[in-house]
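So this one's query.cif, mmCIF, C-alpha atoms:
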data_work
#
loop_
_atom_site.group_PDB
_atom_site.id
_atom_site.type_symbol
_atom_site.label_atom_id
_atom_site.label_comp_id
_atom_site.auth_asym_id
_atom_site.auth_seq_id
_atom_site.Cartn_x
_atom_site.Cartn_y
_atom_site.Cartn_z
ATOM 1 C CA MET A 11 -18.321 -18.644 10.504
ATOM 2 C CA PRO A 12 -16.977 -15.263 9.329
ATOM 3 C CA PRO A 13 -19.250 -12.256 9.875
ATOM 4 C CA LYS A 14 -21.283 -11.149 6.870
ATOM 5 C CA ASN A 15 -19.008 -8.204 6.104
ATOM 6 C CA ASP A 16 -15.849 -10.276 6.518
ATOM 7 C CA TYR A 17 -16.150 -12.182 3.245
ATOM 8 C CA PRO A 18 -13.905 -10.972 0.400
ATOM 9 C CA LEU A 19 -15.274 -9.625 -2.862
ATOM 10 C CA LYS A 20 -14.847 -11.283 -6.245
ATOM 11 C CA LEU A 21 -12.754 -9.737 -9.009
ATOM 12 C CA SER A 22 -15.953 -8.269 -10.393
ATOM 13 C CA GLY A 23 -16.696 -6.563 -7.083
ATOM 14 C CA GLU A 24 -19.667 -8.851 -6.412
ATOM 15 C CA GLU A 25 -20.168 -10.695 -3.140
ATOM 16 C CA LEU A 26 -19.500 -14.420 -2.883
ATOM 17 C CA ASN A 27 -22.547 -16.602 -3.417
ATOM 18 C CA GLY A 28 -23.634 -19.207 -0.882
ATOM 19 C CA LYS A 29 -21.473 -22.040 -2.245
ATOM 20 C CA GLU A 30 -18.434 -19.803 -2.544
ATOM 21 C CA LYS A 31 -18.854 -18.692 1.066
ATOM 22 C CA LYS A 32 -18.814 -22.353 2.116
ATOM 23 C CA LEU A 33 -15.596 -22.808 0.142
ATOM 24 C CA TYR A 34 -14.129 -19.747 1.863
ATOM 25 C CA ARG A 35 -14.935 -21.179 5.300
ATOM 26 C CA LEU A 36 -13.506 -24.564 4.313
ATOM 27 C CA SER A 37 -10.351 -22.835 3.115
ATOM 28 C CA GLY A 38 -9.894 -21.354 6.571
ATOM 29 C CA LYS A 39 -9.563 -24.881 7.956
ATOM 30 C CA TYR A 40 -6.675 -25.488 5.541
ATOM 31 C CA PHE A 41 -4.763 -22.532 6.984
ATOM 32 C CA GLU A 42 -5.409 -23.842 10.501
ATOM 33 C CA ALA A 43 -4.356 -27.422 9.709
ATOM 34 C CA TYR A 44 -1.219 -26.684 7.662
ATOM 35 C CA GLN A 45 1.843 -24.852 8.920
ATOM 36 C CA LYS A 46 3.516 -24.507 5.505
ATOM 37 C CA TRP A 47 1.195 -23.070 2.867
ATOM 38 C CA SER A 48 1.349 -23.144 -0.921
ATOM 39 C CA ILE A 49 -1.174 -22.841 -3.713
ATOM 40 C CA ASN A 50 -0.514 -26.446 -4.778
ATOM 41 C CA SER A 51 -1.098 -27.942 -1.331
ATOM 42 C CA PHE A 52 -4.175 -25.738 -1.006
ATOM 43 C CA LEU A 53 -5.638 -27.110 -4.245
ATOM 44 C CA ASP A 54 -4.782 -30.664 -3.148
ATOM 45 C CA TYR A 55 -6.585 -30.035 0.127
ATOM 46 C CA LEU A 56 -9.729 -28.953 -1.710
ATOM 47 C CA ASN A 57 -9.486 -31.979 -4.022
ATOM 48 C CA ASN A 58 -9.274 -34.316 -1.041
ATOM 49 C CA LYS A 59 -12.359 -32.674 0.449
ATOM 50 C CA GLY A 60 -14.246 -33.295 -2.787
ATOM 51 C CA ARG A 61 -14.943 -29.594 -3.342
ATOM 52 C CA SER A 62 -12.420 -28.670 -6.010
ATOM 53 C CA HIS A 63 -14.327 -29.757 -9.129
ATOM 54 C CA LYS A 64 -17.256 -27.462 -8.333
ATOM 55 C CA PHE A 65 -15.307 -24.223 -8.738
ATOM 56 C CA PRO A 66 -13.114 -22.674 -11.461
ATOM 57 C CA LEU A 67 -9.406 -22.406 -10.713
ATOM 58 C CA ILE A 68 -9.616 -18.622 -10.658
ATOM 59 C CA VAL A 69 -12.146 -18.713 -7.799
ATOM 60 C CA LYS A 70 -9.969 -21.041 -5.736
ATOM 61 C CA LYS A 71 -6.920 -18.854 -6.271
ATOM 62 C CA GLU A 72 -8.873 -15.732 -5.356
ATOM 63 C CA ILE A 73 -9.939 -17.319 -2.084
ATOM 64 C CA PHE A 74 -6.390 -18.504 -1.365
ATOM 65 C CA THR A 75 -5.103 -14.964 -1.911
ATOM 66 C CA SER A 76 -7.863 -13.474 0.243
ATOM 67 C CA TRP A 77 -6.792 -15.675 3.141
ATOM 68 C CA LEU A 78 -3.167 -14.631 2.638
ATOM 69 C CA GLU A 79 -4.210 -10.982 2.914
ATOM 70 C CA LYS A 80 -6.141 -11.791 6.072
ATOM 71 C CA LYS A 81 -3.104 -13.513 7.594
ATOM 72 C CA LEU A 82 -0.940 -10.535 6.654
ATOM 73 C CA GLU A 83 -3.354 -8.070 8.256
ATOM 74 C CA CYS A 84 -3.414 -10.167 11.448
ATOM 75 C CA GLY A 85 0.381 -10.303 11.560
ATOM 76 C CA GLU A 86 0.527 -14.108 11.198
ATOM 77 C CA ILE A 87 2.821 -13.806 8.158
ATOM 78 C CA ASN A 88 5.283 -11.118 7.154
ATOM 79 C CA VAL A 89 5.527 -9.228 3.883
ATOM 80 C CA GLN A 90 8.212 -11.517 2.425
ATOM 81 C CA VAL A 91 6.130 -14.654 2.964
ATOM 82 C CA TYR A 92 3.048 -12.939 1.577
ATOM 83 C CA LEU A 93 4.822 -11.844 -1.613
ATOM 84 C CA SER A 94 6.391 -15.268 -2.112
ATOM 85 C CA LEU A 95 3.052 -17.071 -1.830
ATOM 86 C CA LEU A 96 1.331 -14.444 -3.955
ATOM 87 C CA ARG A 97 3.838 -14.962 -6.765
ATOM 88 C CA GLU A 98 2.993 -18.672 -6.803
ATOM 89 C CA THR A 99 -0.577 -17.855 -7.776
ATOM 90 C CA LYS A 100 0.615 -15.764 -10.741
ATOM 91 C CA LYS A 101 2.848 -18.286 -12.487
ATOM 92 C CA LYS A 102 0.364 -19.067 -15.235
ATOM 93 C CA LYS A 103 -0.330 -16.256 -17.684
ATOM 94 C CA SER A 104 -3.968 -17.247 -17.819
ATOM 95 C CA ASP A 105 -4.323 -16.634 -14.104
ATOM 96 C CA ALA A 106 -6.659 -13.657 -13.695
ATOM 97 C CA ILE A 107 -5.485 -13.012 -10.130
ATOM 98 C CA SER A 108 -2.812 -10.716 -11.576
ATOM 99 C CA SER A 109 -5.514 -8.443 -12.992
ATOM 100 C CA ARG A 110 -7.386 -8.019 -9.716
ATOM 101 C CA THR A 111 -7.959 -4.361 -9.020
ATOM 102 C CA LEU A 112 -10.299 -4.110 -6.039
ATOM 103 C CA ILE A 113 -8.452 -4.031 -2.717
ATOM 104 C CA LYS A 114 -9.581 -3.195 0.779
ATOM 105 C CA THR A 115 -7.969 -0.273 2.581
ATOM 106 C CA GLY A 116 -6.777 -0.806 6.126
ATOM 107 C CA LYS A 117 -8.878 0.091 9.141
ATOM 108 C CA PRO A 118 -10.301 2.473 10.198
ATOM 109 C CA CYS A 119 -11.105 3.130 6.517
ATOM 110 C CA ALA A 120 -11.858 -0.487 5.503
ATOM 111 C CA ASN A 121 -13.486 0.255 2.150
ATOM 112 C CA TYR A 122 -12.697 -1.000 -1.337
ATOM 113 C CA ILE A 123 -10.804 1.025 -3.934
ATOM 114 C CA ASN A 124 -9.842 0.406 -7.543
ATOM 115 C CA PHE A 125 -6.083 -0.072 -7.319
ATOM 116 C CA ASN A 126 -5.623 0.605 -11.038
ATOM 117 C CA ASP A 127 -6.794 4.183 -10.511
ATOM 118 C CA TYR A 128 -3.655 4.856 -8.478
ATOM 119 C CA THR A 129 -0.890 3.032 -10.351
ATOM 120 C CA GLU A 130 1.085 4.205 -13.360
ATOM 121 C CA GLU A 131 2.175 2.118 -16.356
ATOM 122 C CA ASP A 132 5.879 2.718 -15.692
ATOM 123 C CA VAL A 133 5.715 1.594 -12.046
ATOM 124 C CA SER A 134 7.512 -1.706 -11.407
ATOM 125 C CA ASN A 135 5.697 -4.827 -10.199
ATOM 126 C CA GLN A 136 7.657 -4.683 -6.946
ATOM 127 C CA THR A 137 6.533 -1.105 -6.311
ATOM 128 C CA GLU A 138 2.920 -2.031 -7.085
ATOM 129 C CA GLU A 139 3.024 -4.906 -4.610
ATOM 130 C CA THR A 140 4.616 -2.716 -1.939
ATOM 131 C CA LEU A 141 1.921 -0.071 -2.439
ATOM 132 C CA ARG A 142 -0.803 -2.712 -2.273
ATOM 133 C CA ILE A 143 0.571 -4.082 0.996
ATOM 134 C CA GLU A 144 0.827 -0.609 2.522
ATOM 135 C CA ILE A 145 -2.767 0.225 1.559
ATOM 136 C CA ILE A 146 -4.280 -2.875 3.168
ATOM 137 C CA LYS A 147 -2.409 -2.420 6.456
ATOM 138 C CA ASP A 148 -4.393 -0.994 9.349
ATOM 139 C CA ILE A 149 -3.525 2.646 9.968
ATOM 140 C CA SER A 150 -1.436 3.204 13.088
ATOM 141 C CA LEU A 151 -3.136 4.591 16.177
ATOM 142 C CA TYR A 152 -0.237 7.046 16.362
ATOM 143 C CA ASP A 153 -0.832 8.475 12.895
ATOM 144 C CA GLU A 154 -1.846 12.114 13.057
ATOM 145 C CA PRO A 155 -3.292 14.952 10.972
ATOM 146 C CA GLY A 156 -1.195 17.610 9.313
ATOM 147 C CA TYR A 157 0.187 18.612 5.941
ATOM 148 C CA ILE A 158 2.356 17.150 3.210
ATOM 149 C CA PHE A 159 4.995 19.586 1.988
ATOM 150 C CA ILE A 160 7.293 19.778 -1.033
ATOM 151 C CA TYR A 161 10.488 21.832 -0.737
ATOM 152 C CA LYS A 162 13.051 22.417 -3.452
ATOM 153 C CA VAL A 163 16.767 23.107 -3.147
ATOM 154 C CA LYS A 164 19.509 23.412 -5.731
ATOM 155 C CA ASP A 165 22.361 20.984 -5.183
ATOM 156 C CA LYS A 166 25.727 21.619 -6.859
ATOM 157 C CA GLN A 167 26.123 18.003 -7.925
ATOM 158 C CA SER A 168 22.561 16.757 -8.387
ATOM 159 C CA GLY A 169 20.727 19.854 -9.598
ATOM 160 C CA HIS A 170 17.240 20.449 -8.205
ATOM 161 C CA LEU A 171 16.219 18.137 -5.375
ATOM 162 C CA TYR A 172 12.794 17.866 -3.792
ATOM 163 C CA LYS A 173 12.126 17.136 -0.148
ATOM 164 C CA ILE A 174 8.755 15.576 0.647
ATOM 165 C CA GLY A 175 7.574 15.074 4.176
ATOM 166 C CA LYS A 176 4.845 15.582 6.746
ATOM 167 C CA THR A 177 4.451 18.336 9.295
ATOM 168 C CA LYS A 178 1.958 19.995 11.607
ATOM 169 C CA SER A 179 3.377 23.426 10.814
ATOM 170 C CA VAL A 180 4.841 24.112 7.374
ATOM 171 C CA GLY A 181 6.439 27.410 8.406
ATOM 172 C CA ARG A 182 8.164 25.892 11.423
ATOM 173 C CA ARG A 183 9.483 22.985 9.348
ATOM 174 C CA LEU A 184 10.940 25.374 6.777
ATOM 175 C CA ASP A 185 12.639 27.381 9.530
ATOM 176 C CA GLN A 186 14.159 24.166 10.909
ATOM 177 C CA LEU A 187 15.699 23.361 7.540
ATOM 178 C CA LYS A 188 17.179 26.827 7.224
ATOM 179 C CA LYS A 189 18.503 27.102 10.795
ATOM 180 C CA LYS A 190 19.633 23.528 11.428
ATOM 181 C CA CYS A 191 20.879 22.526 7.989
ATOM 182 C CA HIS A 192 21.358 25.930 6.321
ATOM 183 C CA PHE A 193 19.299 24.799 3.333
ATOM 184 C CA ASN A 194 18.042 27.631 1.176
ATOM 185 C CA ALA A 195 14.808 25.738 0.583
ATOM 186 C CA GLU A 196 11.974 26.988 -1.580
ATOM 187 C CA LEU A 197 8.440 25.921 -0.726
ATOM 188 C CA VAL A 198 6.866 24.369 -3.825
ATOM 189 C CA LYS A 199 3.510 23.133 -2.556
ATOM 190 C CA ILE A 200 1.493 22.345 0.573
ATOM 191 C CA LEU A 201 -1.215 19.705 0.408
ATOM 192 C CA PRO A 202 -4.056 19.503 1.014
ATOM 193 C CA GLU A 203 -5.059 23.138 0.603
ATOM 194 C CA GLY A 204 -7.362 24.722 3.161
ATOM 195 C CA ARG A 205 -7.632 21.644 5.378
ATOM 196 C CA LYS A 206 -5.489 18.974 7.019
ATOM 197 C CA CYS A 207 -4.590 15.508 5.814
ATOM 198 C CA LYS A 208 -6.122 13.046 8.271
ATOM 199 C CA TYR A 209 -3.275 10.485 8.295
ATOM 200 C CA THR A 210 0.035 12.073 7.336
ATOM 201 C CA HIS A 211 2.249 9.081 8.187
ATOM 202 C CA ARG A 212 0.382 6.754 5.819
ATOM 203 C CA THR A 213 0.185 9.415 3.097
ATOM 204 C CA GLU A 214 3.908 10.153 3.289
ATOM 205 C CA ARG A 215 4.731 6.449 3.184
ATOM 206 C CA LEU A 216 2.717 5.869 -0.012
ATOM 207 C CA ILE A 217 4.385 8.845 -1.694
ATOM 208 C CA HIS A 218 7.874 7.690 -0.737
ATOM 209 C CA ILE A 219 7.203 4.147 -1.974
ATOM 210 C CA GLU A 220 6.312 5.343 -5.465
ATOM 211 C CA LEU A 221 9.197 7.827 -5.558
ATOM 212 C CA GLU A 222 11.730 5.324 -4.202
ATOM 213 C CA VAL A 223 13.595 5.023 -7.520
ATOM 214 C CA HIS A 224 14.209 8.782 -7.415
ATOM 215 C CA ARG A 225 15.471 8.888 -3.817
ATOM 216 C CA ILE A 226 18.766 10.631 -3.051
ATOM 217 C CA ASP A 227 20.486 10.206 0.331
ATOM 218 C CA LEU A 228 22.188 13.370 1.546
ATOM 219 C CA LEU A 229 24.686 13.767 4.362
ATOM 220 C CA CYS A 230 24.138 17.218 5.789
ATOM 221 C CA ASP A 231 27.396 19.106 6.409
ATOM 222 C CA CYS A 232 25.785 21.074 9.240
ATOM 223 C CA CYS A 233 23.868 18.541 11.346
ATOM 224 C CA LYS A 234 26.005 15.572 10.164
ATOM 225 C CA GLN A 235 22.880 13.467 9.759
ATOM 226 C CA LYS A 236 21.858 11.357 6.788
ATOM 227 C CA GLN A 237 18.656 12.675 5.235
ATOM 228 C CA ASN A 238 16.618 10.375 3.006
ATOM 229 C CA GLU A 239 13.513 12.409 2.169
ATOM 230 C CA TRP A 240 15.133 13.981 -0.901
ATOM 231 C CA PHE A 241 14.215 12.995 -4.443
ATOM 232 C CA LYS A 242 15.660 13.869 -7.830
ATOM 233 C CA SER A 243 12.985 14.039 -10.506
ATOM 234 C CA LYS A 244 10.986 16.503 -12.565
ATOM 235 C CA LYS A 245 8.796 18.923 -10.640
ATOM 236 C CA LYS A 246 5.732 17.810 -12.591
ATOM 237 C CA VAL A 247 6.312 14.153 -11.661
ATOM 238 C CA VAL A 248 6.890 14.891 -7.978
ATOM 239 C CA CYS A 249 3.843 17.146 -7.623
ATOM 240 C CA SER A 250 1.619 14.706 -9.501
ATOM 241 C CA ILE A 251 2.537 11.750 -7.273
ATOM 242 C CA VAL A 252 2.160 13.750 -4.066
ATOM 243 C CA LYS A 253 -1.231 15.106 -5.107
ATOM 244 C CA LYS A 254 -2.422 11.651 -6.177
ATOM 245 C CA TRP A 255 -1.779 9.999 -2.805
ATOM 246 C CA VAL A 256 -3.108 12.953 -0.817
ATOM 247 C CA CYS A 257 -6.321 12.700 -2.858
ATOM 248 C CA PHE A 258 -6.362 8.927 -2.378
ATOM 249 C CA MET A 259 -6.201 9.250 1.412
ATOM 250 C CA GLU A 260 -8.974 11.840 1.386
ATOM 251 C CA LYS A 261 -11.149 9.584 -0.752
ATOM 252 C CA ALA A 262 -10.429 6.541 1.411
ATOM 253 C CA CYS A 263 -10.531 8.175 4.844
ATOM 254 C CA GLY A 264 -11.862 11.708 4.551
ATOM 255 C CA PHE A 265 -9.972 14.761 5.803
ATOM 256 C CA ASP A 266 -9.374 16.260 9.225
ATOM 257 C CA GLU A 267 -11.852 18.966 10.216
#

Taking this structure as input, can you express it in the form of structure tokens?
Amino acid sequence: MPPKNDYPLKLSGEELNGKEKKLYRLSGKYFEAYQKWSINSFLDYLNNKGRSHKFPLIVKKEIFTSWLEKKLECGEINVQVYLSLLRETKKKKSDAISSRTLIKTGKPCANYINFNDYTEEDVSNQTEETLRIEIIKDISLYDEPGYIFIYKVKDKQSGHLYKIGKTKSVGRRLDQLKKKCHFNAELVKILPEGRKCKYTHRTERLIHIELEVHRIDLLCDCCKQKQNEWFKSKKKVVCSIVKKWVCFMEKACGFDE
């Protein structure tokens, strides 16, 4: 039987009731008994157990999706399998799974956030799903505190480009760019201000996911290395996205003292 705090929340944010918790436990047996999973075989399994008629379809699909997330977190399925199975649950327009907004952040945070507060209308479905998957992953033990920086350079072909990355020392990182790559970089912003970001690797990853469509790969003439932390977009857009995910990580995990 799952621990009390291990049950998923409903779309409404409420806890499962007693009968729904029994259905959740029964659903776990499906994932143990079957090697190839699908929403259709899952519903057939519940029908054969005589439990399906007691619950709305939306509840059964929510529970199916919750188990998929659990399997993803445990490493039993990869991202591609997760996304494929998740899409199966969204085929019908009436399926409310697609409007679910509460998701659980990865450990050590492990609290629920409203995903809609951190997604924009013009973000693609693929980007939303990638962000969701990144958020629910456990944070690496090797993640470390520091700062998120934004540098700007003027490129002859592309115009203004913005470099976004993580560092323990902003000044040292800027010197590296100037000495190693001869970039005449201008510091635009350091976040957070007056304190350190607790998990810079996760924060940087979320920022880069949302800015992926603006990414520009540069081959440095000096160090001869391909650099992929450069983005071509408006300053306002870049700064807004960086600030949003820095604030998200502080809200989810706090900041480093």

Selection under test: the PyMOL selection byres ((chain A and resi 151-162) around 9); residues as a PyMOL selection string: chain A and resi 148-150+163-164+170-180+184+194-203+205-214+248-249+252+256+265-266

The PyMOL selection byres ((chain A and resi 146) around 12) resolved against shown file, as a ChimeraX atom specification: /A:76,78-84,89,112-123,125,139-145,147-150,212,216,262

Could you state which residues are captured by the PyMOL selection byres ((chain A and resi 126) around 10) in this file, as a VMD selection string? chain A and resid 109 to 113 123 to 125 127 to 131 138

Choose the residue, out of A:Val91, A:Cys257, A:Ile49, A:Ile251, that has the smallest atom-to-atom separation from A:Val133; count all atoms listed in the file. A:Ile251

Centre and edge lengths of an axis-aligned box around all listed atoms of stretch 203-217 of chain A, with 8 Å added on each side, are to be given in Å to one decimal, as JSON.
{"center_x": -1.5, "center_y": 15.3, "center_z": 3.3, "size_x": 28.4, "size_y": 34.9, "size_z": 26.0}

Gap from atom CA of A:Lys253 to atom CA of A:Thr137 - Å, one decimal: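 Between atom CA of A:Lys253 and atom CA of A:Thr137 the gap works out to 18.0 Å.
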
Just to confirm, what's the straight-line distance from atom CA of A:Trp77 to atom CA of A:Tyr17 in Å (one decimal)?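 So the answer is 10.0 Å.
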
Between A:Leu56, A:Asn135, A:Asp16, A:Thr99, smallest distance to A:Ile68 by all atoms listed in the file belongs to A:Thr99

Taking all atoms listed in the file into account, name the residue in A:Lys261, A:Trp255, A:Val247, A:Tyr40 that is nearest to A:Ile219. A:Trp255

One number please: atom CA of A:Gly60 to atom CA of A:Glu30, in Å, one decimal.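 Pair atom CA of A:Gly60 / atom CA of A:Glu30 returns 14.1 Å.
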
Neighbours of A:Gly38 within 10 Å (only C-alpha atoms; same-chain residues fewer than 3 positions away dropped), as a list in words? Met11, Pro12, Leu33, Tyr34, Arg35, Phe41, Glu42, Ala43, Ile73, Phe74 and Trp77 of chain A

Which of A:Tyr55, A:Tyr44, A:Tyr92, A:Phe241 sits closest to A:Ile217 [using only C-alpha atoms]: A:Phe241

Of the candidates A:Gly264, A:Asn27, A:Lys242, A:Ser134, which shows the shortest atom-to-atom distance to A:Glu220, using only C-alpha atoms?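 Nearest candidate to A:Glu220 out of A:Gly264, A:Asn27, A:Lys242, A:Ser134: A:Ser134.
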